[in-house]
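Here is the file input04.txt (compact mmCIF, N, CA and C atoms).
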```
# COMPACT_ATOMS: atom_id res chain seq x y z
N MET O 1 127.70 112.63 49.86
CA MET O 1 126.51 113.39 50.20
C MET O 1 125.84 113.83 48.90
N PRO O 2 124.54 113.60 48.76
CA PRO O 2 123.83 114.02 47.54
C PRO O 2 123.84 115.53 47.38
N LYS O 3 123.84 115.97 46.14
CA LYS O 3 123.83 117.40 45.85
C LYS O 3 122.41 117.86 45.56
N TRP O 4 122.15 119.14 45.84
CA TRP O 4 120.86 119.73 45.48
C TRP O 4 120.77 119.80 43.96
N PRO O 5 119.57 119.58 43.42
CA PRO O 5 119.42 119.68 41.96
C PRO O 5 119.60 121.12 41.50
N MET O 6 119.99 121.29 40.26
CA MET O 6 120.18 122.63 39.69
C MET O 6 118.88 123.20 39.14
N THR O 7 117.84 122.39 39.07
CA THR O 7 116.54 122.85 38.61
C THR O 7 115.49 122.47 39.66
N ILE O 8 114.33 123.09 39.57
CA ILE O 8 113.24 122.78 40.50
C ILE O 8 112.72 121.38 40.17
N PRO O 9 112.61 120.49 41.16
CA PRO O 9 112.04 119.17 40.89
C PRO O 9 110.65 119.29 40.26
N TYR O 10 110.36 118.38 39.33
CA TYR O 10 109.14 118.46 38.54
C TYR O 10 107.88 118.56 39.39
N ASP O 11 107.76 117.70 40.42
CA ASP O 11 106.53 117.71 41.22
C ASP O 11 106.40 119.00 42.02
N LEU O 12 107.50 119.57 42.47
CA LEU O 12 107.44 120.85 43.17
C LEU O 12 107.07 121.96 42.20
N ARG O 13 107.62 121.94 41.01
CA ARG O 13 107.27 122.95 40.00
C ARG O 13 105.77 122.92 39.71
N CYS O 14 105.21 121.72 39.59
CA CYS O 14 103.77 121.60 39.33
C CYS O 14 102.95 122.21 40.46
N LYS O 15 103.36 121.98 41.71
CA LYS O 15 102.63 122.53 42.85
C LYS O 15 102.72 124.06 42.87
N LEU O 16 103.90 124.59 42.58
CA LEU O 16 104.07 126.05 42.57
C LEU O 16 103.27 126.68 41.43
N GLU O 17 103.24 126.02 40.27
CA GLU O 17 102.46 126.54 39.14
C GLU O 17 100.97 126.49 39.46
N ALA O 18 100.53 125.43 40.14
CA ALA O 18 99.12 125.34 40.52
C ALA O 18 98.76 126.45 41.50
N LEU O 19 99.67 126.76 42.42
CA LEU O 19 99.44 127.86 43.36
C LEU O 19 99.31 129.18 42.62
N ALA O 20 100.17 129.40 41.65
CA ALA O 20 100.13 130.64 40.89
C ALA O 20 98.82 130.78 40.11
N GLU O 21 98.24 129.67 39.70
CA GLU O 21 96.99 129.71 38.94
C GLU O 21 95.77 129.90 39.85
N LEU O 22 95.87 129.50 41.11
CA LEU O 22 94.74 129.60 42.03
C LEU O 22 94.34 131.03 42.31
N ARG O 23 95.31 131.84 42.60
CA ARG O 23 95.05 133.23 42.97
C ARG O 23 96.01 134.11 42.20
N CYS O 24 95.57 135.30 41.91
CA CYS O 24 96.44 136.20 41.15
C CYS O 24 97.50 136.84 42.03
N HIS O 25 97.32 136.83 43.34
CA HIS O 25 98.29 137.48 44.22
C HIS O 25 98.77 136.50 45.29
N THR O 26 99.67 135.61 44.92
CA THR O 26 100.26 134.73 45.92
C THR O 26 101.49 135.42 46.47
N GLY O 27 101.70 135.26 47.74
CA GLY O 27 102.84 135.90 48.37
C GLY O 27 103.90 134.89 48.75
N PRO O 28 105.02 135.37 49.26
CA PRO O 28 106.10 134.49 49.65
C PRO O 28 105.68 133.45 50.69
N GLN O 29 104.76 133.82 51.60
CA GLN O 29 104.33 132.87 52.62
C GLN O 29 103.57 131.71 52.00
N ASP O 30 102.74 131.98 50.99
CA ASP O 30 102.03 130.91 50.29
C ASP O 30 103.02 129.97 49.60
N GLN O 31 104.02 130.55 48.96
CA GLN O 31 105.03 129.76 48.26
C GLN O 31 105.84 128.94 49.25
N TRP O 32 106.20 129.53 50.39
CA TRP O 32 106.96 128.82 51.40
C TRP O 32 106.18 127.62 51.92
N LEU O 33 104.87 127.77 52.13
CA LEU O 33 104.06 126.67 52.61
C LEU O 33 104.10 125.50 51.63
N VAL O 34 104.00 125.77 50.33
CA VAL O 34 104.08 124.71 49.32
C VAL O 34 105.45 124.03 49.38
N ILE O 35 106.51 124.83 49.49
CA ILE O 35 107.86 124.27 49.55
C ILE O 35 108.06 123.46 50.83
N LEU O 36 107.60 123.98 51.96
CA LEU O 36 107.72 123.28 53.24
C LEU O 36 106.99 121.94 53.19
N GLU O 37 105.78 121.92 52.66
CA GLU O 37 105.03 120.67 52.55
C GLU O 37 105.76 119.69 51.65
N TRP O 38 106.37 120.19 50.57
CA TRP O 38 107.11 119.32 49.65
C TRP O 38 108.33 118.72 50.36
N LEU O 39 109.06 119.56 51.09
CA LEU O 39 110.23 119.06 51.82
C LEU O 39 109.84 117.97 52.82
N GLU O 40 108.77 118.22 53.58
CA GLU O 40 108.32 117.25 54.56
C GLU O 40 107.84 115.96 53.90
N ALA O 41 107.12 116.07 52.78
CA ALA O 41 106.62 114.89 52.08
C ALA O 41 107.76 114.03 51.53
N HIS O 42 108.88 114.66 51.22
CA HIS O 42 110.02 113.92 50.69
C HIS O 42 111.05 113.56 51.76
N GLY O 43 110.69 113.78 53.02
CA GLY O 43 111.55 113.38 54.13
C GLY O 43 112.83 114.18 54.26
N VAL O 44 112.84 115.41 53.75
CA VAL O 44 114.02 116.25 53.89
C VAL O 44 114.02 116.81 55.31
N PRO O 45 115.05 116.50 56.09
CA PRO O 45 115.05 116.96 57.48
C PRO O 45 115.33 118.45 57.58
N ALA O 46 114.80 119.04 58.63
CA ALA O 46 115.10 120.44 58.92
C ALA O 46 116.58 120.53 59.31
N PRO O 47 117.22 121.65 59.01
CA PRO O 47 118.63 121.78 59.41
C PRO O 47 118.75 121.77 60.93
N ASP O 48 119.94 121.40 61.41
CA ASP O 48 120.14 121.35 62.86
C ASP O 48 120.58 122.70 63.43
N TYR O 49 120.36 123.75 62.67
CA TYR O 49 120.64 125.10 63.13
C TYR O 49 119.44 125.97 62.78
N THR O 50 119.31 127.11 63.42
CA THR O 50 118.18 128.00 63.19
C THR O 50 118.40 128.80 61.91
N LEU O 51 117.42 128.76 61.02
CA LEU O 51 117.50 129.54 59.79
C LEU O 51 117.16 131.00 60.09
N PRO O 52 117.71 131.93 59.32
CA PRO O 52 117.36 133.33 59.55
C PRO O 52 115.88 133.55 59.31
N MET O 53 115.28 134.37 60.14
CA MET O 53 113.85 134.66 60.02
C MET O 53 113.65 136.14 59.79
N GLU O 54 112.57 136.46 59.10
CA GLU O 54 112.21 137.86 58.87
C GLU O 54 111.80 138.48 60.19
N PRO O 55 112.29 139.69 60.49
CA PRO O 55 111.86 140.34 61.73
C PRO O 55 110.37 140.63 61.68
N GLU O 56 109.74 140.61 62.84
CA GLU O 56 108.30 140.92 62.92
C GLU O 56 108.07 142.34 62.45
N ARG O 57 107.01 142.52 61.70
CA ARG O 57 106.67 143.85 61.22
C ARG O 57 105.89 144.60 62.28
N ARG O 58 106.20 145.87 62.40
CA ARG O 58 105.49 146.70 63.37
C ARG O 58 104.72 147.76 62.61
N GLY O 59 103.72 148.32 63.26
CA GLY O 59 102.94 149.36 62.62
C GLY O 59 101.65 148.80 62.07
N GLN O 60 101.33 149.17 60.84
CA GLN O 60 100.06 148.77 60.25
C GLN O 60 100.00 147.27 60.07
N SER O 61 98.88 146.70 60.50
CA SER O 61 98.70 145.26 60.37
C SER O 61 97.82 144.91 59.19
N GLY O 62 97.26 145.90 58.53
CA GLY O 62 96.41 145.64 57.39
C GLY O 62 94.96 145.42 57.75
N HIS O 63 94.63 145.52 59.04
CA HIS O 63 93.23 145.31 59.47
C HIS O 63 92.58 146.65 59.73
```
Structure rendered as structure tokens:
Amino acid sequence: MPKWPMTIPYDLRCKLEALAELRCHTGPQDQWLVILEWLEAHGVPAPDYTLPMEPERRGQSGH
């Protein structure tokens, strides 16, 4: 079974750096979208189990 690399793959690093340059305030969701698109583009399958998810936030929605 192949092992995960110990460093960020070059093409993914470039995409994350480009995201950081686009806006001064990128959040985890923006970064996750870049990573998710990279995984899908490279044919990395989703795990066959449910990954932990952040609980929904209650209260102020920011609007």
task: Rounded to one decimal place, report the atom CA of Pro2 of chain O-atom CA of Val34 of chain O distance in Å.
output: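 Distance between the two atoms: 22.5 Å.
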- prompt: What is the distance, in Å and to one decimal place, between atom CA of Leu33 of chain O and atom CA of Leu16 of chain O?
  reply: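 Between these atoms lies a distance of 10.1 Å.
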task: One decimal, Å: what's the distance from atom C of Lys3 of chain O over to atom C of Gln29 of chain O, could you say?
output: 24.3 Å
From chain O, collect each residue whose DSSP state is helix (DSSP H, G or I) and return the set as a PDB file with N, CA and C atoms, keeping the file's coordinate frame.
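And here's result-v6.pdb as it stands now:
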```pdb
ATOM      1  N   TYR O  10     110.360 118.380  39.330  1.00  0.00           N
ATOM      2  CA  TYR O  10     109.140 118.460  38.540  1.00  0.00           C
ATOM      3  C   TYR O  10     107.880 118.560  39.390  1.00  0.00           C
ATOM      4  N   ASP O  11     107.760 117.700  40.420  1.00  0.00           N
ATOM      5  CA  ASP O  11     106.530 117.710  41.220  1.00  0.00           C
ATOM      6  C   ASP O  11     106.400 119.000  42.020  1.00  0.00           C
ATOM      7  N   LEU O  12     107.500 119.570  42.470  1.00  0.00           N
ATOM      8  CA  LEU O  12     107.440 120.850  43.170  1.00  0.00           C
ATOM      9  C   LEU O  12     107.070 121.960  42.200  1.00  0.00           C
ATOM     10  N   ARG O  13     107.620 121.940  41.010  1.00  0.00           N
ATOM     11  CA  ARG O  13     107.270 122.950  40.000  1.00  0.00           C
ATOM     12  C   ARG O  13     105.770 122.920  39.710  1.00  0.00           C
ATOM     13  N   CYS O  14     105.210 121.720  39.590  1.00  0.00           N
ATOM     14  CA  CYS O  14     103.770 121.600  39.330  1.00  0.00           C
ATOM     15  C   CYS O  14     102.950 122.210  40.460  1.00  0.00           C
ATOM     16  N   LYS O  15     103.360 121.980  41.710  1.00  0.00           N
ATOM     17  CA  LYS O  15     102.630 122.530  42.850  1.00  0.00           C
ATOM     18  C   LYS O  15     102.720 124.060  42.870  1.00  0.00           C
ATOM     19  N   LEU O  16     103.900 124.590  42.580  1.00  0.00           N
ATOM     20  CA  LEU O  16     104.070 126.050  42.570  1.00  0.00           C
ATOM     21  C   LEU O  16     103.270 126.680  41.430  1.00  0.00           C
ATOM     22  N   GLU O  17     103.240 126.020  40.270  1.00  0.00           N
ATOM     23  CA  GLU O  17     102.460 126.540  39.140  1.00  0.00           C
ATOM     24  C   GLU O  17     100.970 126.490  39.460  1.00  0.00           C
ATOM     25  N   ALA O  18     100.530 125.430  40.140  1.00  0.00           N
ATOM     26  CA  ALA O  18      99.120 125.340  40.520  1.00  0.00           C
ATOM     27  C   ALA O  18      98.760 126.450  41.500  1.00  0.00           C
ATOM     28  N   LEU O  19      99.670 126.760  42.420  1.00  0.00           N
ATOM     29  CA  LEU O  19      99.440 127.860  43.360  1.00  0.00           C
ATOM     30  C   LEU O  19      99.310 129.180  42.620  1.00  0.00           C
ATOM     31  N   ALA O  20     100.170 129.400  41.650  1.00  0.00           N
ATOM     32  CA  ALA O  20     100.130 130.640  40.890  1.00  0.00           C
ATOM     33  C   ALA O  20      98.820 130.780  40.110  1.00  0.00           C
ATOM     34  N   GLU O  21      98.240 129.670  39.700  1.00  0.00           N
ATOM     35  CA  GLU O  21      96.990 129.710  38.940  1.00  0.00           C
ATOM     36  C   GLU O  21      95.770 129.900  39.850  1.00  0.00           C
ATOM     37  N   LEU O  22      95.870 129.500  41.110  1.00  0.00           N
ATOM     38  CA  LEU O  22      94.740 129.600  42.030  1.00  0.00           C
ATOM     39  C   LEU O  22      94.340 131.030  42.310  1.00  0.00           C
ATOM     40  N   PRO O  28     105.020 135.370  49.260  1.00  0.00           N
ATOM     41  CA  PRO O  28     106.100 134.490  49.650  1.00  0.00           C
ATOM     42  C   PRO O  28     105.680 133.450  50.690  1.00  0.00           C
ATOM     43  N   GLN O  29     104.760 133.820  51.600  1.00  0.00           N
ATOM     44  CA  GLN O  29     104.330 132.870  52.620  1.00  0.00           C
ATOM     45  C   GLN O  29     103.570 131.710  52.000  1.00  0.00           C
ATOM     46  N   ASP O  30     102.740 131.980  50.990  1.00  0.00           N
ATOM     47  CA  ASP O  30     102.030 130.910  50.290  1.00  0.00           C
ATOM     48  C   ASP O  30     103.020 129.970  49.600  1.00  0.00           C
ATOM     49  N   GLN O  31     104.020 130.550  48.960  1.00  0.00           N
ATOM     50  CA  GLN O  31     105.030 129.760  48.260  1.00  0.00           C
ATOM     51  C   GLN O  31     105.840 128.940  49.250  1.00  0.00           C
ATOM     52  N   TRP O  32     106.200 129.530  50.390  1.00  0.00           N
ATOM     53  CA  TRP O  32     106.960 128.820  51.400  1.00  0.00           C
ATOM     54  C   TRP O  32     106.180 127.620  51.920  1.00  0.00           C
ATOM     55  N   LEU O  33     104.870 127.770  52.130  1.00  0.00           N
ATOM     56  CA  LEU O  33     104.060 126.670  52.610  1.00  0.00           C
ATOM     57  C   LEU O  33     104.100 125.500  51.630  1.00  0.00           C
ATOM     58  N   VAL O  34     104.000 125.770  50.330  1.00  0.00           N
ATOM     59  CA  VAL O  34     104.080 124.710  49.320  1.00  0.00           C
ATOM     60  C   VAL O  34     105.450 124.030  49.380  1.00  0.00           C
ATOM     61  N   ILE O  35     106.510 124.830  49.490  1.00  0.00           N
ATOM     62  CA  ILE O  35     107.860 124.270  49.550  1.00  0.00           C
ATOM     63  C   ILE O  35     108.060 123.460  50.830  1.00  0.00           C
ATOM     64  N   LEU O  36     107.600 123.980  51.960  1.00  0.00           N
ATOM     65  CA  LEU O  36     107.720 123.280  53.240  1.00  0.00           C
ATOM     66  C   LEU O  36     106.990 121.940  53.190  1.00  0.00           C
ATOM     67  N   GLU O  37     105.780 121.920  52.660  1.00  0.00           N
ATOM     68  CA  GLU O  37     105.030 120.670  52.550  1.00  0.00           C
ATOM     69  C   GLU O  37     105.760 119.690  51.650  1.00  0.00           C
ATOM     70  N   TRP O  38     106.370 120.190  50.570  1.00  0.00           N
ATOM     71  CA  TRP O  38     107.110 119.320  49.650  1.00  0.00           C
ATOM     72  C   TRP O  38     108.330 118.720  50.360  1.00  0.00           C
ATOM     73  N   LEU O  39     109.060 119.560  51.090  1.00  0.00           N
ATOM     74  CA  LEU O  39     110.230 119.060  51.820  1.00  0.00           C
ATOM     75  C   LEU O  39     109.840 117.970  52.820  1.00  0.00           C
ATOM     76  N   GLU O  40     108.770 118.220  53.580  1.00  0.00           N
ATOM     77  CA  GLU O  40     108.320 117.250  54.560  1.00  0.00           C
ATOM     78  C   GLU O  40     107.840 115.960  53.900  1.00  0.00           C
ATOM     79  N   ALA O  41     107.120 116.070  52.780  1.00  0.00           N
ATOM     80  CA  ALA O  41     106.620 114.890  52.080  1.00  0.00           C
ATOM     81  C   ALA O  41     107.760 114.030  51.530  1.00  0.00           C
TER      82      ALA O  41
END
```
